[in-house]
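Trainee: Sharing a structure with you now.
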Amino acid sequence: MTTMLRATRSMLLSAATLLALAGLAACGREADTAKPSLEVNKENPAMRTEVPLTRPIALDEAGEVVNVEFELPPPGPNASPDLMLGMRLVRPDAESGTALSMRLVEAEIAAKVNLIRIEDGAIKRVPLTRDAPNLRGSFQVSPDGVVPGLTMSGVDPSLLHSAGLVDAAVYYDVLQFAYAENIQPGHYRLTVELTGDHPEFRGESAELLVAYFKKAK
């Protein structure tokens, strides 16, 4: 991500600021709120093995919550070449979705996130980047994949609509663990391990989300 892309989202993560961030639509990371789709793909989301993809995840207990292989196609015409690795919250309305997003960011849910490329029987670790908590910059994720928490984010909504991954009856909010910059199409494996227990989030509806960011205008 360029400095210019992040500058539009630079602000302190107070509760009031998070409310603003949750609705922010700028520089390729606009909020992923549900919009009616003209045609919905009836494929079971849990069976998708091509980006964009989702998987149900639990947030309350430490341990591996994601271990998935997938195919990464080229980005669409509205997408950037950077791949967001995070989660999507599914809520009945914007008010409850924003409130849950704020709680998750403030909870500092640490995780180990690792992405590897699999090609001709060989594997290669993909370098990852994460945004600073105040969104004023970014940092390279260490080789062990540790990220200290979630940040507000967004993806290209047109790809989610095309894949049938949007229900107009609910509200979505996107949070990010990390992202892969200028990633090449191919076959990948992603693992995410939560490093601590968070029983306060037991029963909350969340999904892994792997998707391209929206291209900046």
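Labeling convention for the structure tokens: chains A, B, ... as they appear, residues from 1 per chain, ligands from 1 in order of appearance.
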Using DSSP on the backbone, list every residue of stretch 53-204 of chain A that comes out as strand (DSSP E or B), and give them as a PyMOL selection string.
Mentor: chain A and resi 53-57+63-72+79-91+111-119+122-125+129-131+138-140+146-147+151-152+171-180+186-194
Trainee: Keeping C-alpha atoms, export the residues of the selection given above as a PDB file, in the first residue's frame.
Mentor:
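Output below, filename selection-v2.pdb:
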```
ATOM      1  CA  LEU A  53     -13.761 -16.790  -0.296  1.00  0.00           C
ATOM      2  CA  THR A  54     -15.204 -17.009   3.193  1.00  0.00           C
ATOM      3  CA  ARG A  55     -15.211 -19.594   5.980  1.00  0.00           C
ATOM      4  CA  PRO A  56     -16.972 -19.503   9.373  1.00  0.00           C
ATOM      5  CA  ILE A  57     -14.532 -18.909  12.237  1.00  0.00           C
ATOM      6  CA  GLY A  63      -5.828 -22.174  18.438  1.00  0.00           C
ATOM      7  CA  GLU A  64      -5.870 -22.615  14.682  1.00  0.00           C
ATOM      8  CA  VAL A  65      -9.088 -21.224  13.234  1.00  0.00           C
ATOM      9  CA  VAL A  66      -8.088 -21.232   9.547  1.00  0.00           C
ATOM     10  CA  ASN A  67      -6.257 -23.775   7.417  1.00  0.00           C
ATOM     11  CA  VAL A  68      -7.374 -23.456   3.821  1.00  0.00           C
ATOM     12  CA  GLU A  69      -5.908 -23.873   0.352  1.00  0.00           C
ATOM     13  CA  PHE A  70      -7.225 -21.733  -2.472  1.00  0.00           C
ATOM     14  CA  GLU A  71      -6.716 -20.565  -6.013  1.00  0.00           C
ATOM     15  CA  LEU A  72      -5.995 -16.891  -6.528  1.00  0.00           C
ATOM     16  CA  ALA A  79      -9.502  -4.457  -7.709  1.00  0.00           C
ATOM     17  CA  SER A  80      -5.983  -3.673  -6.583  1.00  0.00           C
ATOM     18  CA  PRO A  81      -3.231  -6.337  -6.719  1.00  0.00           C
ATOM     19  CA  ASP A  82      -3.096  -6.460  -2.896  1.00  0.00           C
ATOM     20  CA  LEU A  83      -4.863  -9.300  -1.080  1.00  0.00           C
ATOM     21  CA  MET A  84      -6.656  -8.684   2.233  1.00  0.00           C
ATOM     22  CA  LEU A  85      -6.472 -11.434   4.865  1.00  0.00           C
ATOM     23  CA  GLY A  86      -8.991 -10.876   7.599  1.00  0.00           C
ATOM     24  CA  MET A  87     -12.563 -11.394   8.644  1.00  0.00           C
ATOM     25  CA  ARG A  88     -16.049 -10.273   7.818  1.00  0.00           C
ATOM     26  CA  LEU A  89     -18.638  -9.649  10.525  1.00  0.00           C
ATOM     27  CA  VAL A  90     -22.217 -10.567   9.746  1.00  0.00           C
ATOM     28  CA  ARG A  91     -24.815  -8.563  11.659  1.00  0.00           C
ATOM     29  CA  ALA A 111      -2.878 -14.036  15.773  1.00  0.00           C
ATOM     30  CA  LYS A 112      -0.239 -15.839  13.756  1.00  0.00           C
ATOM     31  CA  VAL A 113      -1.011 -15.412  10.070  1.00  0.00           C
ATOM     32  CA  ASN A 114       0.963 -17.313   7.459  1.00  0.00           C
ATOM     33  CA  LEU A 115       0.456 -17.430   3.707  1.00  0.00           C
ATOM     34  CA  ILE A 116       2.451 -19.758   1.490  1.00  0.00           C
ATOM     35  CA  ARG A 117       2.524 -20.169  -2.269  1.00  0.00           C
ATOM     36  CA  ILE A 118       2.514 -23.764  -3.558  1.00  0.00           C
ATOM     37  CA  GLU A 119       4.018 -24.222  -7.004  1.00  0.00           C
ATOM     38  CA  ALA A 122       7.608 -26.352  -3.719  1.00  0.00           C
ATOM     39  CA  ILE A 123       6.390 -23.941  -1.082  1.00  0.00           C
ATOM     40  CA  LYS A 124       7.386 -20.331  -0.557  1.00  0.00           C
ATOM     41  CA  ARG A 125       6.389 -18.035   2.292  1.00  0.00           C
ATOM     42  CA  THR A 129       2.211  -6.356   5.708  1.00  0.00           C
ATOM     43  CA  ARG A 130      -0.070  -5.013   8.429  1.00  0.00           C
ATOM     44  CA  ASP A 131      -1.474  -1.581   9.094  1.00  0.00           C
ATOM     45  CA  SER A 138       2.299  -0.015   7.908  1.00  0.00           C
ATOM     46  CA  PHE A 139       4.776  -2.632   9.073  1.00  0.00           C
ATOM     47  CA  GLN A 140       6.184  -5.840   7.694  1.00  0.00           C
ATOM     48  CA  VAL A 146       2.495 -12.599  14.536  1.00  0.00           C
ATOM     49  CA  VAL A 147       0.106  -9.661  14.200  1.00  0.00           C
ATOM     50  CA  THR A 151      -7.668  -3.036  12.027  1.00  0.00           C
ATOM     51  CA  MET A 152     -10.598  -1.629  10.094  1.00  0.00           C
ATOM     52  CA  TYR A 171     -24.870  -5.872   7.289  1.00  0.00           C
ATOM     53  CA  TYR A 172     -21.172  -6.652   6.774  1.00  0.00           C
ATOM     54  CA  ASP A 173     -18.080  -5.074   8.268  1.00  0.00           C
ATOM     55  CA  VAL A 174     -14.505  -6.005   7.343  1.00  0.00           C
ATOM     56  CA  LEU A 175     -11.503  -6.251   9.672  1.00  0.00           C
ATOM     57  CA  GLN A 176      -7.939  -7.017   8.634  1.00  0.00           C
ATOM     58  CA  PHE A 177      -5.136  -9.059  10.141  1.00  0.00           C
ATOM     59  CA  ALA A 178      -2.653  -8.463   7.311  1.00  0.00           C
ATOM     60  CA  TYR A 179      -2.352  -8.232   3.537  1.00  0.00           C
ATOM     61  CA  ALA A 180      -0.093  -9.437   0.732  1.00  0.00           C
ATOM     62  CA  GLY A 186      -1.590 -19.102  -8.174  1.00  0.00           C
ATOM     63  CA  HIS A 187      -2.241 -21.746  -5.529  1.00  0.00           C
ATOM     64  CA  TYR A 188      -1.907 -20.764  -1.871  1.00  0.00           C
ATOM     65  CA  ARG A 189      -2.428 -21.998   1.683  1.00  0.00           C
ATOM     66  CA  LEU A 190      -3.460 -19.701   4.522  1.00  0.00           C
ATOM     67  CA  THR A 191      -3.315 -20.507   8.226  1.00  0.00           C
ATOM     68  CA  VAL A 192      -4.510 -18.304  11.070  1.00  0.00           C
ATOM     69  CA  GLU A 193      -3.912 -19.187  14.717  1.00  0.00           C
ATOM     70  CA  LEU A 194      -5.396 -17.083  17.513  1.00  0.00           C
TER      71      LEU A 194
END
```
Trainee: Considering only C-alpha atoms, return as a ChimeraX atom specification whatever protein or nucleic-acid residues lie within 10 Å of A:Pro199, sequence-local ones (same chain, fewer than 6 positions apart) excluded.
Mentor: /A:59-62
Trainee: Identify which of the residues A:Asp197, A:Gly145, A:Thr98, A:Ala110 lies closest to A:Ala58, counting only C-alpha atoms when measuring atom-to-atom distances.
Mentor: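 The shortest atom-to-atom distance to A:Ala58 comes from A:Asp197.
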Trainee: Compare A:Ala211, A:Val155, A:Glu108, A:Val141 by their minimum atom-to-atom distance to A:Gly196, counting only C-alpha atoms, and give me the closest one.
Mentor: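 Nearest candidate to A:Gly196 out of A:Ala211, A:Val155, A:Glu108, A:Val141: A:Glu108.
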Trainee: With only C-alpha atoms as the basis for distance, which of A:Asp144, A:Ala46, A:Asp156, A:Arg103 is at the shortest distance from A:Ala216?
Mentor: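 Comparing A:Asp144, A:Ala46, A:Asp156, A:Arg103 against A:Ala216, the winner is A:Asp156.
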